[in-house]
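Trainee: Before we start, here is the structure in question, set down as structure tokens.
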Amino acid sequence: MDFSQKIKTNYRGQTVTRMTKNLEHFYEAQIKVLQEEIAALQGQQDNNEREITMHLGGGRMQDALLVMTDHQETGKSQRDIKAHLKTEIKEMEEDLIRQTKMNGIVLANCRVKTMEKSNKKLVQQHRLTGHCSSIDFMVEFELTDVQEDTTLVRTITDLNIIMDSTEFKDLSTFVSGAEDKRDLLLFFRTVRRFSDRCEDRRRTFQHFQEKYPCVVSLPGGCRAEVMLIQSPKLAGCALTIYWSIEVTSEGVITPKIDLVTKMPEKVLQLDRKVVENAPDSFQSLLRILGVEASIDTIIQAVSV
């Protein structure tokens, strides 16, 4: 082989080597792009699965989970998984019904979204909607799990509570305090007790309206704070029961029932002192007889 042939051979070898290296770099770049796309799709799938809205009731939890497994298993194995999931979900729904009866909290919708995920930290955004008796609510909060050695530390890092502030204005101060303290348990516990007191007031007002339809009226309905007692025989003679339910920022609930009088001048001339002392006398009756007996006494006195 002469010198020129050696040069040609070396040139071809170098060219092949460069082409091989270029192809390797090209394939490595393509593989890296594909790996990134796969990771992004897996993360998107994880978020999509976590963001599935699960309506509690009507079998929709079953449908959601079954859809998630349809693309993973086939044949008899798939049927076994579905049967197992149905059994587990049925048990969960039965447990949910028991819990609802115990605490009065009914969750209608639950949504979870993963905001951050690593080996030591998980941040999820939760949204719960539901009701307790006649009180509707929506709660949004971020739950952060941090792994510290062998201990898992779980904290609520953000809390937002949405309610009808016009209908339940007595709760507005408490809700603001619960949001500041990020105390979700205190919120649910207080809402349950508050709804119980509201239900007591509703039953009492409705009872007297049905018992004395010609004397008792409820201008705002049986769930409002006001009950009006009017004399059927003396025009202008009326008493008003104001029944509010106060809630402190710590969740302490205190019913407050007051009597306000409205009497025509000719009644005041008969015994002004008795009319002026009626609110204090009503408070004494409450302490001695209780709520229903005290209100019944007042209604009978107006009806005479």
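Every chain in the structure tokens takes a letter, A first, then B, and so on in the order presented; its residues are numbered from 1, and the ligands are numbered from 1 following the presented order.
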Might you pull out every residue within 8 Å of A:Arg182, with only C-alpha atoms counted and same-chain residues fewer than 5 positions away left off, and present them as a ChimeraX atom specification?

Mentor: /A:156-159

Trainee: Any chance you could export the current selection's N, CA and C atoms as an mmCIF file, in the first residue's frame?

Mentor:
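For reference, again32.cif as written:
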```
data_model
loop_
_atom_site.group_PDB
_atom_site.id
_atom_site.type_symbol
_atom_site.label_atom_id
_atom_site.label_comp_id
_atom_site.auth_asym_id
_atom_site.auth_seq_id
_atom_site.Cartn_x
_atom_site.Cartn_y
_atom_site.Cartn_z
ATOM 1 N N ILE A 156 -50.751 21.206 58.312
ATOM 2 C CA ILE A 156 -51.591 21.981 57.397
ATOM 3 C C ILE A 156 -50.946 23.343 57.232
ATOM 4 N N THR A 157 -50.498 23.640 56.022
ATOM 5 C CA THR A 157 -49.748 24.864 55.783
ATOM 6 C C THR A 157 -50.612 26.007 55.264
ATOM 7 N N ASP A 158 -51.839 25.721 54.872
ATOM 8 C CA ASP A 158 -52.735 26.777 54.386
ATOM 9 C C ASP A 158 -54.166 26.280 54.529
ATOM 10 N N LEU A 159 -55.069 27.154 54.985
ATOM 11 C CA LEU A 159 -56.466 26.755 55.199
ATOM 12 C C LEU A 159 -57.380 27.885 54.772
#
```

Trainee: What are the closest atom pairs, with distances in Å to one decimal, for each residue of stretch 178-269 of chain A lying within 12 Å of stretch 121-144 of chain A, using only C-alpha atoms, rows by chain and rising residue number, as a tab-separated table?

Mentor:
```
residue	atom	partner	partner_atom	distance
A:Ala178	CA	A:Val139	CA	11.4
A:Glu179	CA	A:Phe141	CA	9.6
A:Arg182	CA	A:Phe141	CA	8.6
A:Asp183	CA	A:Phe141	CA	10.4
A:Leu184	CA	A:Phe141	CA	8.8
A:Leu185	CA	A:Val139	CA	11.7
A:Phe187	CA	A:Val139	CA	9.8
A:Phe188	CA	A:Cys132	CA	8.9
A:Arg189	CA	A:Cys132	CA	10.5
A:Thr190	CA	A:Cys132	CA	10.6
A:Val191	CA	A:Cys132	CA	7.2
A:Arg192	CA	A:Cys132	CA	6.5
A:Arg193	CA	A:Cys132	CA	9.7
A:Phe194	CA	A:Ile135	CA	9.3
A:Ser195	CA	A:Ser133	CA	6.3
A:Asp196	CA	A:Ser133	CA	8.1
A:Arg197	CA	A:Ser133	CA	10.8
A:Cys198	CA	A:Ser134	CA	8.9
A:Glu199	CA	A:Ser133	CA	8.0
A:Asp200	CA	A:Ser133	CA	11.7
A:Arg202	CA	A:Ser134	CA	10.8
A:Arg223	CA	A:Ser134	CA	9.3
```

Trainee: Since we have the selection now, will you write its residues out, keeping C-alpha atoms, as a compact mmCIF listing (two decimals), in the first residue's frame?

Mentor:
```
# COMPACT_ATOMS: atom_id res chain seq x y z
CA ALA A 178 -59.74 28.88 62.54
CA GLU A 179 -58.15 29.90 59.22
CA ARG A 182 -55.04 26.42 60.49
CA ASP A 183 -57.10 24.30 62.87
CA LEU A 184 -59.27 22.07 60.66
CA LEU A 185 -60.35 19.78 63.52
CA PHE A 187 -63.64 23.93 62.56
CA PHE A 188 -65.43 20.60 62.06
CA ARG A 189 -66.02 20.12 65.79
CA THR A 190 -67.46 23.62 66.22
CA VAL A 191 -69.62 23.45 63.10
CA ARG A 192 -71.20 20.26 64.45
CA ARG A 193 -72.05 21.86 67.81
CA PHE A 194 -73.22 25.06 66.14
CA SER A 195 -75.53 23.14 63.80
CA ASP A 196 -76.98 21.26 66.80
CA ARG A 197 -77.85 24.56 68.50
CA CYS A 198 -79.37 25.90 65.26
CA GLU A 199 -81.47 22.76 65.01
CA ASP A 200 -82.68 23.24 68.62
CA ARG A 202 -85.51 25.67 64.55
CA ARG A 223 -84.24 28.93 60.80
```

Trainee: Could you check which of A:Val153, A:Leu186, A:Val275, A:Val302 is closest to A:Cys214, using only C-alpha atoms?

Mentor: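 Of A:Val153, A:Leu186, A:Val275, A:Val302, the one nearest A:Cys214 is A:Val302, counting only C-alpha atoms.
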
Trainee: DSSP on the backbone, strand (DSSP E or B) only: what residues of stretch 60-270 of chain A does that give? Format it as an MDAnalysis selection string.

Mentor: chainID A and resid 105:117 121:132 135:148 151:162 216:217 226:230 238:247 253:262

Trainee: Ranking A:Val106, A:Gly177, A:Pro232, A:Met263 by minimum distance to A:Pro213 and counting only C-alpha atoms, which one comes first?

Mentor: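 Among A:Val106, A:Gly177, A:Pro232, A:Met263, it is A:Pro232 that comes nearest to A:Pro213.
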
Trainee: Write down as a ChimeraX atom specification the residues belonging to stretch 135-176 of chain A that are assigned helix (DSSP H, G or I) by DSSP computed on the backbone.

Mentor: /A:169-176

Trainee: Write a file of the selected residues as a PDB file, in the first residue's frame, keeping N, CA, C and O atoms.

Mentor:
```pdb
ATOM      1  N   LYS A 169     -73.878  34.504  60.056  1.00  0.00           N
ATOM      2  CA  LYS A 169     -72.937  35.573  60.376  1.00  0.00           C
ATOM      3  C   LYS A 169     -72.286  35.366  61.738  1.00  0.00           C
ATOM      4  O   LYS A 169     -71.198  35.884  61.995  1.00  0.00           O
ATOM      5  N   ASP A 170     -72.955  34.594  62.632  1.00  0.00           N
ATOM      6  CA  ASP A 170     -72.374  34.339  63.946  1.00  0.00           C
ATOM      7  C   ASP A 170     -71.094  33.517  63.847  1.00  0.00           C
ATOM      8  O   ASP A 170     -70.297  33.491  64.790  1.00  0.00           O
ATOM      9  N   LEU A 171     -70.883  32.839  62.721  1.00  0.00           N
ATOM     10  CA  LEU A 171     -69.708  31.993  62.559  1.00  0.00           C
ATOM     11  C   LEU A 171     -68.525  32.728  61.935  1.00  0.00           C
ATOM     12  O   LEU A 171     -67.421  32.173  61.902  1.00  0.00           O
ATOM     13  N   SER A 172     -68.737  33.927  61.420  1.00  0.00           N
ATOM     14  CA  SER A 172     -67.706  34.592  60.630  1.00  0.00           C
ATOM     15  C   SER A 172     -66.421  34.845  61.423  1.00  0.00           C
ATOM     16  O   SER A 172     -65.313  34.589  60.928  1.00  0.00           O
ATOM     17  N   THR A 173     -66.545  35.323  62.666  1.00  0.00           N
ATOM     18  CA  THR A 173     -65.358  35.574  63.483  1.00  0.00           C
ATOM     19  C   THR A 173     -64.616  34.289  63.793  1.00  0.00           C
ATOM     20  O   THR A 173     -63.383  34.223  63.715  1.00  0.00           O
ATOM     21  N   PHE A 174     -65.377  33.262  64.132  1.00  0.00           N
ATOM     22  CA  PHE A 174     -64.748  31.968  64.430  1.00  0.00           C
ATOM     23  C   PHE A 174     -64.020  31.414  63.213  1.00  0.00           C
ATOM     24  O   PHE A 174     -62.901  30.908  63.326  1.00  0.00           O
ATOM     25  N   VAL A 175     -64.647  31.485  62.035  1.00  0.00           N
ATOM     26  CA  VAL A 175     -64.033  30.943  60.815  1.00  0.00           C
ATOM     27  C   VAL A 175     -62.710  31.646  60.527  1.00  0.00           C
ATOM     28  O   VAL A 175     -61.714  31.000  60.175  1.00  0.00           O
ATOM     29  N   SER A 176     -62.692  32.951  60.692  1.00  0.00           N
ATOM     30  CA  SER A 176     -61.446  33.694  60.474  1.00  0.00           C
ATOM     31  C   SER A 176     -60.350  33.228  61.431  1.00  0.00           C
ATOM     32  O   SER A 176     -59.191  33.060  61.035  1.00  0.00           O
TER      33      SER A 176
END
```

Trainee: So that I can check the surroundings of stretch 238-248 of chain A, please list as an MDAnalysis selection string every protein, DNA and RNA residue that reaches within 6 Å of it, counting only C-alpha atoms and ignoring chain neighbours fewer than 5 positions away.

Mentor: chainID A and resid 170 174 225:230 253:262

Trainee: Tell me, in Å to one decimal, how far atom CA of A:Phe282 is from atom CA of A:Ser249.

Mentor: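 Atom-to-atom, atom CA of A:Phe282 to atom CA of A:Ser249, that is 28.7 Å.
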